[in-house]
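J.: Once you've had a glance at the structure underneath, I'll fire off some questions.
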Amino acid sequence: MTVSLSRLVADCRCLAIIGTEKNAGKTTVLNHLLAADRQTDLAITSIGYDGEDIDQVTGTDKPSVYVGRGTLVATAVDLLGQCDFTRELLCFTGFYTPLGEVVIVRALSDGYALIAGPSTTGQMTRLTRMLQDKKAGRIIIDGAAARRSSAAVSTADGCILATGASYSPDPDAIVEHTAHIAGMLTLPAEGKVPESILQALRLTEEDNDKTFGAGQVIDCFIVDSNNQIIASASSLDDSAADLITDHKTQRIFFIGAITARLIQRVLERSRSLHGLKLIAADGTRFLLSPAQCAELKRRGAELAVLRPVNLLAVTVNPKSPDGFSLDSATLRQKLKTVLSVEVFDIIADNQP
Amino acid sequence: MTSLQIYKPETSATQWVLANLNLSSPYGRKALRALRPANSQHRGLLEQTFDELAALIDFCRRESQFAQQAQAIFRQLRNIAGSVLNLQEERVPDEVELFEIKLFAIHFCNLTALIKGSSLNLSLVFDDLQPVVKLLNPDEMIISTFHLHDSYLPELKEIRNEKRQLESRILSATDATTSEMLRKQRSEMVRCEKELEFRVRSNLGTQLRNWLPQMNRSMETLGHFELLLAKADAALRWPSCRPQLLENGAELKAVDAINPEILEILKAQNKEFTPVTLDVIKGTTLITGANMGGKSVALMTIASNAELVRLGFYAFASKFSMPLFDCICHIAGDGQDQTSGLSSFGAEVIQLKELSELTPHGCGLAVFDEFARSTNPYEGRRFVQALGEFLQQTGWHGIIATHYDGIDLPDAACYQVIGLKNKGQLKPVSGDMRALIDNLCASMDYRLRKLDGQSEVPHDALHIATLLDADPRFLKLLNKLYSHTGKKA
């Protein structure tokens, strides 16, 4: 190992940690970074409230986040009672979670923290600004599973992807799955974007993400080479697939998710997809299987994003919550052959 | 002036003004919800409100910074009613509640200082919450954060120091068993710390309970003051005047009255609102005039201003005087309710019935926009005639806008919209709908003219249809009919 994980991410002002799955070892990575790099101007928050943390509340032995003295913590008021560090309440944020309003507190001692932050990109962006106003030098966002982490990756400057045996007992399946997610996150950026699409995106990001799927929202736009929107549809509607195949030499922008169901219909309707470009806000919005992605590529379609993610490293947790453990070295080796970033196993790397 | 029911404004224009008030704190919004129209019994109270409002408007004119500074404080206020209720019910406050109360007390003190530092004289009494701030901020320097300070309890300081040392040892521990043991010790200390913190919070709660009356009063004072400031802000935003309250039976006199909602809509289109000047007598005042001549807007403007005056607002006019009405009704034929099987005509009849039940009590203003418009002209004319006579008998102030001919009311005051200015130039410039309407608006003189004799109804419908570029074949048929009946204008 040439350089440690904490060194690798040291220059990142706002870092997101997301997982391929639950139990992929996100919290272990977070605790490792908090312990390895005890800065007094650190701030942490999370995307919503991760299901994993509920186990901590019920008392199973999932790791909590252990923060150092001086750390700024943005969390929901209902969880404050379960945070055990001595603290100073700095301000209310006006962002509400099911566990109450998010407040910013400063840890006056070391201690365990339970964290629930806002879950929309708009709120997360404003929260990071508030933390910077409170003199946070560096912000870490504890994300969720990749497909629910849009707010984390779009706000952060850099991202760590945690993966592990919780996905499958088969190392090759883990590698394929991880490479697929990493590939989606690092899709190339689309340069020419109509202003109206950026605006629609900002509007939905201000709003709660839950409004998506609630009705037939127009969220899919066909844009021609002059950057003009020439047609639009709701991606939930079957006609969206027809529209896409009718305009398959154009760019298609999606405000929300690109679902497997829609892509399946597109693949059924058209053999060649040369010239087609599917564009989403970021890589977490492509809810496609590796096979679908490969098929899209084979038929000539391209995928792109408005905000590419700066993937800094991948971490691996060879232990599964089901009890079995894979060989760390082999898994890391396999991952390295398909990934362009460093791969770490926090536990194994730090064994004496 | 108190009733449990939330007041629902009679006119949409009043609703608009209330919805567009500059209120940002939960206390100001609560005061607005509690606002009730005054009636003839509350003359003294209402005059007192106007005195205070007049002083505040005058002050805000001189000190333009003041309102902004006060609003900056209002924007930061959170609703602490829940925390105060918990205190009242003798629950031990948690740190978030204590933080909320501290912030409230700080903002309240800042507002008090702002008012005391100015030359503004208010009848509102601002309690001194400085001791509450001191209680929740034991240090010398007042800071806007909250922390269960070491100085509240000597034992707290001790245990926190010990815990801190232990945390440093955890950090430097090299083997897992030591680390685990130290962590166990730490969690025991955390338990002690939390117990001590509970004692501190419980003690703070007991002390804060002594301040409950002041805190409750302060929330109300804030609400009253913010609403008063919002009224002053509205009075400064649009042309306005202090209304004069007259004896029952006197005429309502409006000079250059405006409707802020329509004024803003027109402003966005670079157009001007034509102010309404009108005297409304006890009995019936009749307004006739061309279609699209602004009769409805004139009615709405008068009714809404009278309603706002009852709510303690300045009138949006250059001069406005009226008796203090006990009731204001605006009947516009839009009460159609298909779910209950009521047509717009049916709804008007029901509304009129409700109104007649009110008329024996006190004095009121009733405004009718094209009463019985949806029935046939033969019967409609009779309905309007009867309504005019009825209003004269009730002793209310009634305004009827109508386009029915031949209403004969000897004692009524009659007004007419001046209407189309130049009937020669009727050629629409373009077929675009917006342009057609703009063209029509430009040709229309919306002012009201007092008629000396009886009401007469101008026959402008054909002109208006021409200006709106109706289908040529249709216009041709229409013209033929007009020439047959000899009514071609």
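Labels used: A, B, ... for chains in the order of the structure tokens, numbers from 1 for residues in each chain, and numbers from 1 for ligands as shown.
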Residues of chain B were defined as contacting chain A if any atom lay at most 7 Å from it, counting only C-alpha atoms; please report them as a PDB file with C-alpha atoms, in the first residue's frame.
T.:
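Output below, filename selection-v6.pdb:
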```pdb
ATOM      1  CA  THR B 145     -25.580  29.070  21.183  1.00  0.00           C
ATOM      2  CA  PHE B 146     -26.621  26.833  24.071  1.00  0.00           C
ATOM      3  CA  HIS B 147     -24.665  24.506  26.295  1.00  0.00           C
ATOM      4  CA  ARG B 164     -11.995  13.984  28.855  1.00  0.00           C
ATOM      5  CA  GLU B 167     -11.119   9.833  26.154  1.00  0.00           C
ATOM      6  CA  VAL B 190     -21.430   9.302  30.340  1.00  0.00           C
TER       7      VAL B 190
END
```
J.: Quick one: residues within 7 Å of segment 89-93 of chain B, only C-alpha atoms counted, chain neighbours fewer than 2 positions away excluded, as a compact mmCIF listing (two decimals) with N, CA and C atoms, in the first residue's frame?
T.:
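The new file out-v3.txt reads:
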```
# COMPACT_ATOMS: atom_id res chain seq x y z
N LEU B 85 -45.37 25.23 26.72
CA LEU B 85 -46.43 24.36 27.23
C LEU B 85 -45.83 23.23 28.08
N ASN B 86 -44.73 22.64 27.59
CA ASN B 86 -44.08 21.57 28.34
C ASN B 86 -43.63 22.07 29.71
N LEU B 87 -43.11 23.29 29.74
CA LEU B 87 -42.69 23.89 31.02
C LEU B 87 -43.90 24.02 31.94
N GLU B 95 -32.51 19.89 26.12
CA GLU B 95 -31.58 20.97 25.74
C GLU B 95 -32.09 21.75 24.54
N GLU B 97 -35.23 22.43 23.84
CA GLU B 97 -36.24 23.38 24.33
C GLU B 97 -35.58 24.56 25.02
N LEU B 98 -34.55 24.28 25.82
CA LEU B 98 -33.84 25.36 26.50
C LEU B 98 -33.19 26.30 25.49
N ARG B 201 -30.97 20.52 34.05
CA ARG B 201 -32.13 20.88 33.22
C ARG B 201 -33.38 21.03 34.08
N SER B 202 -33.52 20.11 35.02
CA SER B 202 -34.69 20.13 35.90
C SER B 202 -34.71 21.42 36.71
N GLY B 205 -35.58 24.30 34.54
CA GLY B 205 -37.02 24.27 34.30
C GLY B 205 -37.78 24.94 35.44
```
J.: What residues in segment 230-330 of chain B get the DSSP label alpha helix (DSSP H)? Please answer as a CSV table (one decimal) with C-alpha atoms, in the first residue's frame.
T.:
```
chain,number,residue,atom,x,y,z
B,230,ALA,CA,-47.4,44.6,8.7
B,231,LYS,CA,-50.4,46.9,8.5
B,232,ALA,CA,-48.1,49.9,8.5
B,233,ASP,CA,-46.0,48.3,5.8
B,234,ALA,CA,-49.1,47.7,3.6
B,235,ALA,CA,-50.2,51.3,4.2
B,236,LEU,CA,-46.8,52.5,2.9
B,237,ARG,CA,-46.7,50.1,0.0
B,260,PRO,CA,-54.1,46.5,-4.3
B,261,GLU,CA,-54.6,43.1,-6.0
B,262,ILE,CA,-55.7,44.5,-9.3
B,263,LEU,CA,-53.2,47.3,-9.1
B,264,GLU,CA,-50.4,44.8,-8.8
B,265,ILE,CA,-51.7,42.7,-11.6
B,266,LEU,CA,-51.9,45.8,-13.9
B,267,LYS,CA,-48.5,47.0,-12.8
B,268,ALA,CA,-47.0,43.8,-13.9
B,295,LYS,CA,-68.1,47.7,-12.5
B,296,SER,CA,-67.1,44.5,-10.7
B,297,VAL,CA,-63.7,45.9,-9.8
B,298,ALA,CA,-65.3,49.1,-8.5
B,299,LEU,CA,-67.6,47.2,-6.3
B,300,MET,CA,-64.9,44.9,-5.0
B,301,THR,CA,-62.6,47.9,-4.3
B,302,ILE,CA,-65.3,49.6,-2.2
B,303,ALA,CA,-66.4,46.5,-0.3
B,304,SER,CA,-62.8,45.3,0.3
B,305,ASN,CA,-61.7,48.7,1.6
B,306,ALA,CA,-64.7,48.9,4.0
B,307,GLU,CA,-63.9,45.4,5.2
B,308,LEU,CA,-60.2,46.2,5.7
B,309,VAL,CA,-61.1,49.3,7.7
B,310,ARG,CA,-63.2,47.1,10.0
```
J.: I'd like to know which of B:Ala412, B:Met444, B:Ala173, B:Ala70 is closest to Gln385 of chain B, using only C-alpha atoms.
T.: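 Using only C-alpha atoms, Gln385 of chain B sits closest to B:Ala412.
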J.: Env of Thr402 of chain B: 6 Å cut, atoms = only C-alpha atoms, seq-sep filter 2 positions within chain, self excluded. Answer as a JSON list (two decimals) with N, CA and C atoms, in the first residue's frame.
T.:
```json
[["chain", "number", "residue", "atom", "x", "y", "z"],
["B", 288, "THR", "N", -74.33, 51.56, -13.34],
["B", 288, "THR", "CA", -74.58, 50.92, -14.63],
["B", 288, "THR", "C", -73.35, 51.17, -15.50],
["B", 370, "GLU", "N", -74.13, 42.53, -10.49],
["B", 370, "GLU", "CA", -75.04, 41.97, -11.51],
["B", 370, "GLU", "C", -76.00, 40.96, -10.90],
["B", 404, "TYR", "N", -79.21, 45.98, -16.48],
["B", 404, "TYR", "CA", -80.61, 45.97, -16.86],
["B", 404, "TYR", "C", -81.12, 47.40, -17.03]]
```
J.: Just the residues within 9 Å of Leu312 of chain A, please, counting only C-alpha atoms, with nothing from its chain fewer than 6 positions along; format it as a list in words.
T.: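 Returned residues: Leu8, Val9, Gly158, Cys159, Ile160, Leu161, Val341 and Glu342 of chain A.
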J.: Please provide the set of residues having any atom within 10 Å of Leu198 of chain A, restricted to only C-alpha atoms, with same-chain residues fewer than 3 positions apart removed, written as a list in words.
T.: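 My list of contacting residues is Val193, Pro194, Glu195, Leu201, Arg202, Leu203, Ile255, Ala281 and Leu306 of chain A.
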J.: To one decimal in Å, tell me the separation between atom CA of Phe390 of chain B and atom CA of Cys327 of chain B.
T.: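 Computing it gives 17.0 Å between the two atoms.
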J.: Excluding same-chain residues fewer than 4 positions from segment 346-353 of chain B, what lies within 12 Å of it counting only C-alpha atoms, as an MDAnalysis selection string?
T.: chainID B and resid 329:338 340:342 357:359 366:375 383:384 386:387 390:391
J.: Would you mind listing what lies within 12 Å of Lys102 of chain B as a ChimeraX atom specification, with only C-alpha atoms counted and same-chain residues fewer than 3 positions away left out?
T.: /A:89-91 /B:77-78,80,83-84,95-99,105-109,129-138,142-147,204,208,215
J.: Next, write the just-selected residues to a file, as an mmCIF file, in the first residue's frame, keeping N, CA and C atoms as the atom set.
T.:
```cif
data_model
loop_
_atom_site.group_PDB
_atom_site.id
_atom_site.type_symbol
_atom_site.label_atom_id
_atom_site.label_comp_id
_atom_site.auth_asym_id
_atom_site.auth_seq_id
_atom_site.Cartn_x
_atom_site.Cartn_y
_atom_site.Cartn_z
ATOM 1 N N LEU A 89 -25.171 23.487 21.394
ATOM 2 C CA LEU A 89 -26.105 23.619 20.262
ATOM 3 C C LEU A 89 -25.828 24.933 19.549
ATOM 4 N N LEU A 90 -25.511 24.849 18.263
ATOM 5 C CA LEU A 90 -25.122 26.070 17.541
ATOM 6 C C LEU A 90 -26.288 26.729 16.811
ATOM 7 N N CYS A 91 -27.038 25.929 16.045
ATOM 8 C CA CYS A 91 -28.180 26.546 15.352
ATOM 9 C C CYS A 91 -29.151 25.504 14.817
ATOM 10 N N LEU B 77 -37.472 34.251 14.445
ATOM 11 C CA LEU B 77 -38.243 33.703 15.565
ATOM 12 C C LEU B 77 -38.838 32.346 15.231
ATOM 13 N N ARG B 78 -38.704 31.435 16.176
ATOM 14 C CA ARG B 78 -39.316 30.117 16.026
ATOM 15 C C ARG B 78 -40.492 30.040 16.989
ATOM 16 N N ILE B 80 -42.096 28.830 20.010
ATOM 17 C CA ILE B 80 -41.694 28.132 21.228
ATOM 18 C C ILE B 80 -42.902 27.738 22.074
ATOM 19 N N SER B 83 -42.581 24.324 23.643
ATOM 20 C CA SER B 83 -41.623 24.266 24.748
ATOM 21 C C SER B 83 -42.200 24.925 25.995
ATOM 22 N N VAL B 84 -42.914 26.044 25.803
ATOM 23 C CA VAL B 84 -43.501 26.758 26.937
ATOM 24 C C VAL B 84 -44.602 25.906 27.576
ATOM 25 N N GLU B 95 -32.513 19.893 26.120
ATOM 26 C CA GLU B 95 -31.581 20.968 25.741
ATOM 27 C C GLU B 95 -32.089 21.751 24.537
ATOM 28 N N VAL B 96 -32.846 21.055 23.629
ATOM 29 C CA VAL B 96 -33.351 21.759 22.455
ATOM 30 C C VAL B 96 -34.392 22.805 22.868
ATOM 31 N N GLU B 97 -35.229 22.426 23.842
ATOM 32 C CA GLU B 97 -36.237 23.376 24.333
ATOM 33 C C GLU B 97 -35.575 24.562 25.020
ATOM 34 N N LEU B 98 -34.551 24.277 25.816
ATOM 35 C CA LEU B 98 -33.844 25.365 26.502
ATOM 36 C C LEU B 98 -33.189 26.296 25.487
ATOM 37 N N PHE B 99 -32.640 25.686 24.428
ATOM 38 C CA PHE B 99 -32.000 26.470 23.356
ATOM 39 C C PHE B 99 -33.028 27.372 22.679
ATOM 40 N N ALA B 105 -35.705 34.509 23.870
ATOM 41 C CA ALA B 105 -35.468 35.598 24.827
ATOM 42 C C ALA B 105 -34.456 36.596 24.266
ATOM 43 N N ILE B 106 -33.420 36.092 23.605
ATOM 44 C CA ILE B 106 -32.403 36.997 23.027
ATOM 45 C C ILE B 106 -33.046 37.883 21.946
ATOM 46 N N HIS B 107 -33.792 37.247 21.019
ATOM 47 C CA HIS B 107 -34.413 38.022 19.937
ATOM 48 C C HIS B 107 -35.405 39.039 20.503
ATOM 49 N N PHE B 108 -36.149 38.593 21.516
ATOM 50 C CA PHE B 108 -37.144 39.483 22.114
ATOM 51 C C PHE B 108 -36.458 40.696 22.744
ATOM 52 N N CYS B 109 -35.347 40.435 23.450
ATOM 53 C CA CYS B 109 -34.593 41.548 24.057
ATOM 54 C C CYS B 109 -34.052 42.480 22.973
ATOM 55 N N LEU B 129 -37.063 40.317 29.349
ATOM 56 C CA LEU B 129 -36.682 38.897 29.407
ATOM 57 C C LEU B 129 -35.171 38.719 29.619
ATOM 58 N N GLN B 130 -34.504 39.819 29.932
ATOM 59 C CA GLN B 130 -33.055 39.759 30.161
ATOM 60 C C GLN B 130 -32.686 38.683 31.210
ATOM 61 N N PRO B 131 -33.449 38.576 32.334
ATOM 62 C CA PRO B 131 -33.100 37.553 33.321
ATOM 63 C C PRO B 131 -33.184 36.131 32.764
ATOM 64 N N VAL B 132 -34.101 35.911 31.803
ATOM 65 C CA VAL B 132 -34.205 34.578 31.186
ATOM 66 C C VAL B 132 -32.935 34.296 30.384
ATOM 67 N N VAL B 133 -32.476 35.310 29.647
ATOM 68 C CA VAL B 133 -31.238 35.153 28.872
ATOM 69 C C VAL B 133 -30.092 34.830 29.832
ATOM 70 N N LYS B 134 -29.997 35.576 30.917
ATOM 71 C CA LYS B 134 -28.913 35.388 31.911
ATOM 72 C C LYS B 134 -28.935 33.960 32.460
ATOM 73 N N LEU B 135 -30.147 33.492 32.753
ATOM 74 C CA LEU B 135 -30.303 32.153 33.325
ATOM 75 C C LEU B 135 -29.754 31.090 32.374
ATOM 76 N N LEU B 136 -29.974 31.292 31.086
ATOM 77 C CA LEU B 136 -29.566 30.277 30.109
ATOM 78 C C LEU B 136 -28.197 30.585 29.507
ATOM 79 N N ASN B 137 -27.577 31.636 30.006
ATOM 80 C CA ASN B 137 -26.253 32.022 29.501
ATOM 81 C C ASN B 137 -25.417 32.477 30.715
ATOM 82 N N PRO B 138 -24.964 31.515 31.532
ATOM 83 C CA PRO B 138 -24.325 31.885 32.796
ATOM 84 C C PRO B 138 -23.002 32.643 32.615
ATOM 85 N N ILE B 142 -22.810 37.209 26.194
ATOM 86 C CA ILE B 142 -24.035 36.574 25.687
ATOM 87 C C ILE B 142 -23.740 35.978 24.313
ATOM 88 N N ILE B 143 -23.931 34.688 24.198
ATOM 89 C CA ILE B 143 -23.735 34.056 22.887
ATOM 90 C C ILE B 143 -25.040 33.383 22.461
ATOM 91 N N SER B 144 -25.182 33.240 21.151
ATOM 92 C CA SER B 144 -26.462 32.716 20.652
ATOM 93 C C SER B 144 -26.431 31.203 20.484
ATOM 94 N N THR B 145 -25.557 30.531 21.202
ATOM 95 C CA THR B 145 -25.580 29.070 21.183
ATOM 96 C C THR B 145 -25.985 28.612 22.581
ATOM 97 N N PHE B 146 -26.230 27.307 22.731
ATOM 98 C CA PHE B 146 -26.621 26.833 24.071
ATOM 99 C C PHE B 146 -25.828 25.605 24.476
ATOM 100 N N HIS B 147 -25.493 25.582 25.781
ATOM 101 C CA HIS B 147 -24.665 24.506 26.295
ATOM 102 C C HIS B 147 -24.979 24.376 27.773
ATOM 103 N N LEU B 204 -33.176 24.249 35.884
ATOM 104 C CA LEU B 204 -33.445 25.376 34.976
ATOM 105 C C LEU B 204 -34.947 25.477 34.698
ATOM 106 N N LEU B 208 -37.285 28.603 35.246
ATOM 107 C CA LEU B 208 -37.962 29.210 34.091
ATOM 108 C C LEU B 208 -39.469 29.312 34.310
ATOM 109 N N MET B 215 -43.235 35.080 29.504
ATOM 110 C CA MET B 215 -42.985 34.456 28.193
ATOM 111 C C MET B 215 -44.275 34.387 27.371
#
```
J.: Between atom CA of Pro26 of chain B and atom CA of Trp211 of chain B, what is the distance in Å, rounded to a tenth?
T.: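 Separation of atom CA of Pro26 of chain B and atom CA of Trp211 of chain B: 20.5 Å.
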J.: Return as a PyMOL selection string the full set of residues in segment 285-416 of chain B whose backbone-based DSSP assignment is strand (DSSP E).
T.: chain B and resi 285-288+319-323+327-331+364-369+397-401+413-416
J.: Keeping only C-alpha atoms, write the selected residues as a PDB file, in the first residue's frame.
T.:
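That gives us selection.pdb:
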```pdb
ATOM      1  CA  THR B 285     -76.584  53.226  -4.997  1.00  0.00           C
ATOM      2  CA  LEU B 286     -76.865  52.028  -8.577  1.00  0.00           C
ATOM      3  CA  ILE B 287     -73.917  51.532 -10.957  1.00  0.00           C
ATOM      4  CA  THR B 288     -74.576  50.924 -14.629  1.00  0.00           C
ATOM      5  CA  LYS B 319     -59.843  59.839   1.334  1.00  0.00           C
ATOM      6  CA  PHE B 320     -62.171  57.334   2.884  1.00  0.00           C
ATOM      7  CA  SER B 321     -64.968  57.783   5.404  1.00  0.00           C
ATOM      8  CA  MET B 322     -67.704  55.387   6.399  1.00  0.00           C
ATOM      9  CA  PRO B 323     -70.022  54.449   9.245  1.00  0.00           C
ATOM     10  CA  CYS B 327     -71.613  43.579   8.508  1.00  0.00           C
ATOM     11  CA  ILE B 328     -70.376  43.568   4.914  1.00  0.00           C
ATOM     12  CA  CYS B 329     -71.793  41.281   2.234  1.00  0.00           C
ATOM     13  CA  HIS B 330     -70.513  40.832  -1.291  1.00  0.00           C
ATOM     14  CA  ILE B 331     -72.892  38.918  -3.529  1.00  0.00           C
ATOM     15  CA  GLY B 364     -74.356  47.023   7.038  1.00  0.00           C
ATOM     16  CA  LEU B 365     -72.926  47.348   3.561  1.00  0.00           C
ATOM     17  CA  ALA B 366     -74.300  45.006   0.919  1.00  0.00           C
ATOM     18  CA  VAL B 367     -72.770  44.904  -2.542  1.00  0.00           C
ATOM     19  CA  PHE B 368     -74.455  43.148  -5.463  1.00  0.00           C
ATOM     20  CA  ASP B 369     -72.557  42.456  -8.651  1.00  0.00           C
ATOM     21  CA  HIS B 397     -76.016  50.812   2.473  1.00  0.00           C
ATOM     22  CA  GLY B 398     -76.478  48.901  -0.756  1.00  0.00           C
ATOM     23  CA  ILE B 399     -74.649  49.060  -4.066  1.00  0.00           C
ATOM     24  CA  ILE B 400     -76.060  47.336  -7.120  1.00  0.00           C
ATOM     25  CA  ALA B 401     -74.152  47.035 -10.364  1.00  0.00           C
ATOM     26  CA  ALA B 413     -77.751  57.563  -6.182  1.00  0.00           C
ATOM     27  CA  CYS B 414     -76.865  56.629  -9.769  1.00  0.00           C
ATOM     28  CA  TYR B 415     -73.419  56.205 -11.307  1.00  0.00           C
ATOM     29  CA  GLN B 416     -72.301  55.138 -14.718  1.00  0.00           C
TER      30      GLN B 416
END
```
J.: Considering only C-alpha atoms, state which residue in the set A:Asp11, A:Asp41, A:Glu302, A:Asp282 is at the smallest distance from Leu185 of chain A.
T.: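 Selected residue with least distance to Leu185 of chain A: A:Asp282.
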